[in-house]
Amino acid sequence: MSSGKGNTSPAARVSSFVLLIIFVTLALALAALVLAIYLYNTAPEVAVYWLLLGFIGLALSTYVLFQTRQRILRLRIETPPITTTIECRKCGFKSVREFQRGDYIFKEVEPCQKCNEKMIITAIYREVRERGKTPSFPY
Amino acid sequence: MAALFVLKDQLFQLPGGDIFSQILTLIIYAFIFISIFYGQRIQLYIMLREVEGSLYKLKYIRDEGRRIAIETIKEIGKPQTDPTARVDRFLEYFTITPQSLDPAGIVWKLEHILDVRDARFKDEVRLLAPAADETQANNLENTLEAAMALNYIYKVIRHYYLLGKKTLSLYIIMQIQMILPLVMREAEAYASALKAFAYGQPIGDGVGALVAAKLMHGYPVRKVPKDCVVAEVPLEGRTAYVIKAEGPGGNVGKPGDAIKTIIEENEGKIANIIMIDAALKLEGEEVGEVAEGVGAAIGGPGVDQFKIEETILKYRIPINAVIIKEDIGDAVSPMRKEIFEAADKAIERIRQVILERTKEGDKVIIAGVGNTIGIGQ
């Protein structure tokens with residue numbers, strides 16, 4: 001349905017406030033890590049806390065950023081390509097192409113390349129590749 | 001007893017020990033306290049969050065549906081004015097079913113209401129898209145109906161979400177959260193149906209019409225009421241009246257009226273009726289599985305099924321059904337290869353039924369039921 005182009009739905013937009021918070025947290029986490037490196041030689045006990053804080057902040061902001069992206073990706077509705085099969089009833093010549101608006105089953109289309117007879121659309125369908133179709137136990 | 005004292009010391013060791021164990025103990029106490037007194041509330045917020053996530057997706061799908069409908073109208077219908085306001089009005093359209101306190105004659109009342117609805121939809125589409133031909137107008141009508149269904153689903157889920165949030169009732173939220181996966185499946189199915197309708201692609205529900213089209217192709221067809229076509233096809237030494245909705249526009253016709261017309265034209269001398277339709281499969285069943293049974297295989301509000309049953313009862317005509325199994329998603333989205341291939345298997349079954357259940361020279365009716373969008377004859 002949508003390939004991501006021209007997404008105008010507010011549901012598909014990421015709040016700029018959320019993004020700001022994520023990036024501020026990320027910046028603070030990086031600052032904490034840098035501070036931890038500076039303090040490592042002078043006060044190693046304090047440096048450990050800053051290190052911990054930095055990693056937690058880094059992990060949290062990355063996770064939230066990743067989740068926000070995932071939400072947008074989950075919103076997309078993929079439509080597999082539809083193929084149209086055209087056949088010549090006289091000589092059996094067959095051609096397959098992408099569906100075009102106006103195609104319908106049993107529509108007469110362009111003449112056959114081999115025998116010049118009018119060809120007809122014999123099939124319009126989509127192919128679905130199912131993920132993890134093998135059953136985990138015999139049904 | 002000694003063990004209990006040790007446990008007591010361990011549990012209430014706040015004043016002693018290092019600062020970390022004290023903080024940890026406090027956190028554990030706070031956690032237990034929150035779980036006891038606010039556990040249900042936390043569960044409620046988790047559920048609300050889950051429903052909210054789905055509501056976001058539903059809103060996106062609804063908006064996309066509306067956008068596709070408007071774009072298709074602009075592209076095909078070439079309206080003079082912006083159709084957006086009219087489309088928005090159309091999306092809010094509703095139908096009130098007849099009163100059933102006294103159910104006698106309700107089918108005819110329902111049929112009348114559905115006819116009025118259908119006529120109103122067609123008029124609206126003509127106003128929205130004046131340049132569209134009949135096929136395109138039918139496809140547009142289907143597109144708008146899918147957008148309307150998405151709008152309705154979104155509004156119902158939003159209603160329960162907001163009601164749950166307002167009342168903070170776990171049970172209201174729980175109800176909607178439990179059926180949410182099924183609702184989402186249906187909404188996603190309608191979302192993929194939208195583009196199929198807008199482009200005029202055959203959908204899974206049209207497999208019955210496809211079977212009929214394959215049988216009647218190459219034979220002269222004539223129109224029968226309402227919005228159906230029939231062809232006399234010689235099949236295994238019998239005469240088969242093959243019926244389907246008139247394509248290739250999005251149309252289901254009224255197979256009940258068409259079957260009744262053919263039976264009455266032949267004064268009831270029909271040896272057998274075979275109906276072919278798509279049927280919902282159970283999880284675990286294969287898409288495109290063909291099954292056979294008896295009865296009127298037709299969905300919808302029940303008017304056509306009622307008419308068929310009334311007519312066959314009057315003339316005592318046996319009725320058989322061949323169904324092609326698919327799930328709700330496959331039924332309203334572009335036809336899958338497995339379903340397309342199942343049409344040939346269904347034709348084989350029909351031939352078998354004819355050979356087993358009728359004699360040479362008999363007349364049979366073969367009715368392919370379903371939306372004939374993208375399927376000619």
# chains A, B, ... in the order shown; residues from 1 in each chain; ligands from 1
>>> interface_residues(of="chain B", to="chain A", cutoff="7 Å", atoms="only C-alpha atoms", output="short mmCIF file (atom, residue, chain, number, x, y, z; two decimals) with C-alpha atoms, in the first residue's frame")
data_model
loop_
_atom_site.label_atom_id
_atom_site.label_comp_id
_atom_site.auth_asym_id
_atom_site.auth_seq_id
_atom_site.Cartn_x
_atom_site.Cartn_y
_atom_site.Cartn_z
CA TYR B 56 -1.61 4.27 15.73
CA LYS B 57 -1.38 1.63 13.04
CA LYS B 59 -5.08 5.44 12.15
CA TYR B 60 -2.29 5.18 9.61
CA ASP B 63 -5.61 7.71 6.59
CA SER B 192 -4.52 -4.49 0.92
CA LYS B 195 -5.35 -0.97 -3.76
CA TYR B 199 -6.65 -0.89 -9.60
CA GLY B 200 -9.36 -3.44 -10.42
CA PRO B 202 -9.05 -9.82 -8.87
CA PRO B 248 -14.90 -7.01 -14.74
CA PRO B 334 -5.30 -9.53 -4.59
CA MET B 335 -5.83 -13.16 -5.54
CA ARG B 336 -3.04 -15.52 -4.48
CA LYS B 337 -1.54 -17.98 -6.94
CA PHE B 340 -6.08 -18.99 -8.70
CA GLY B 374 -10.85 -8.00 -12.38
CA ILE B 375 -12.61 -11.02 -13.88
CA GLY B 376 -14.38 -10.77 -17.22
CA GLN B 377 -16.54 -13.46 -18.82
#
>>> residues_around(residues="Leu20 in chain A", least_positions_apart="6", cutoff="12 Å", atoms="only C-alpha atoms", output="MDAnalysis selection string")
chainID A and resid 14 26:27 61 64:65
>>> write_last_selection(atoms="C-alpha atoms", output="short mmCIF file (atom, residue, chain, number, x, y, z; two decimals), in the first residue's frame")
data_model
loop_
_atom_site.label_atom_id
_atom_site.label_comp_id
_atom_site.auth_asym_id
_atom_site.auth_seq_id
_atom_site.Cartn_x
_atom_site.Cartn_y
_atom_site.Cartn_z
CA VAL A 14 7.97 10.73 14.86
CA LEU A 26 22.59 10.24 23.84
CA ALA A 27 24.76 13.36 24.17
CA SER A 61 18.66 6.08 23.88
CA VAL A 64 14.28 3.97 22.09
CA LEU A 65 15.61 5.26 18.75
#
>>> residues_around(residues="Trp50 in chain A", least_positions_apart="6", cutoff="7 Å", atoms="only C-alpha atoms", output="list in words")
Ala32, Leu33, Leu35 and Ala36 of chain A
>>> write_last_selection(atoms="C-alpha atoms", output="mmCIF file, in the first residue's frame")
data_model
loop_
_atom_site.group_PDB
_atom_site.id
_atom_site.type_symbol
_atom_site.label_atom_id
_atom_site.label_comp_id
_atom_site.auth_asym_id
_atom_site.auth_seq_id
_atom_site.Cartn_x
_atom_site.Cartn_y
_atom_site.Cartn_z
ATOM 1 C CA ALA A 32 29.497 10.647 30.868
ATOM 2 C CA LEU A 33 31.680 8.151 29.020
ATOM 3 C CA LEU A 35 34.256 11.994 31.774
ATOM 4 C CA ALA A 36 34.751 8.402 32.935
#
>>> select_by_dssp(residues="range 67-110 of chain A", states="strand (DSSP E)", output="PyMOL selection string")
chain A and resi 82-87+94-98+108-110
>>> closest_residue(among="B:Thr81, B:Thr143, B:Gln22, B:Gln40", to="Arg67 in chain B", atoms="only C-alpha atoms")
B:Thr143
>>> residues_around(residues="Asp118 in chain B", least_positions_apart="5", cutoff="12 Å", atoms="only C-alpha atoms", output="list in words")
Tyr93, Phe94, Thr95, Glu111, His112, Ile113, Asp123, Glu124, Val125, Asn138, Glu141, Asn142, Glu145, Asn251, Val252, Gly253 and Lys254 of chain B
>>> write_last_selection(atoms="C-alpha atoms", output="compact mmCIF listing (two decimals), in the first residue's frame")
# COMPACT_ATOMS: atom_id res chain seq x y z
CA TYR B 93 -22.33 6.71 5.97
CA PHE B 94 -24.37 4.15 7.94
CA THR B 95 -27.17 1.65 7.37
CA GLU B 111 -33.34 -6.51 0.83
CA HIS B 112 -35.11 -3.21 0.32
CA ILE B 113 -32.77 -1.39 2.72
CA ASP B 123 -25.37 7.84 -7.03
CA GLU B 124 -22.67 9.14 -4.71
CA VAL B 125 -19.93 7.54 -6.82
CA ASN B 138 -18.03 -0.25 -9.52
CA GLU B 141 -17.60 1.97 -4.99
CA ASN B 142 -15.68 -1.03 -3.64
CA GLU B 145 -16.53 0.68 0.95
CA ASN B 251 -19.68 -6.43 -8.33
CA VAL B 252 -21.27 -9.37 -6.50
CA GLY B 253 -24.65 -9.16 -8.23
CA LYS B 254 -27.67 -10.94 -6.86
>>> residues_around(residues="Ile106 in chain B", least_positions_apart="4", cutoff="12 Å", atoms="only C-alpha atoms", output="PyMOL selection string")
chain B and resi 97-102+110-113+301-303+306
>>> atom_distance(atom1="CA of Ile323 in chain B", atom2="CA of Glu338 in chain B")
13.9 Å
>>> closest_residue(among="B:Asn266, B:Gln201, B:Asn371, B:Thr72", to="Ala137 in chain B", atoms="only C-alpha atoms")
B:Thr72
>>> atom_distance(atom1="CA of Ile203 in chain B", atom2="CA of Ile68 in chain B")
17.5 Å
>>> atom_distance(atom1="CA of Lys94 in chain A", atom2="CA of Gly218 in chain B")
19.0 Å
>>> residues_around(residues="Gly250 in chain B", least_positions_apart="3", cutoff="6 Å", atoms="only C-alpha atoms", output="ChimeraX atom specification")
/B:138-139,372-373
>>> write_last_selection(atoms="C-alpha atoms", output="PDB file, in the first residue's frame")
ATOM      1  CA  ASN B 138     -18.033  -0.251  -9.518  1.00  0.00           C
ATOM      2  CA  ASN B 139     -14.353  -0.432  -8.562  1.00  0.00           C
ATOM      3  CA  THR B 372     -15.988 -10.439  -9.845  1.00  0.00           C
ATOM      4  CA  ILE B 373     -13.565  -7.504  -9.760  1.00  0.00           C
TER       5      ILE B 373
END
>>> closest_residue(among="A:Lys114, A:Cys88, A:Val18, A:Leu39", to="Gln67 in chain A", atoms="only C-alpha atoms")
A:Val18
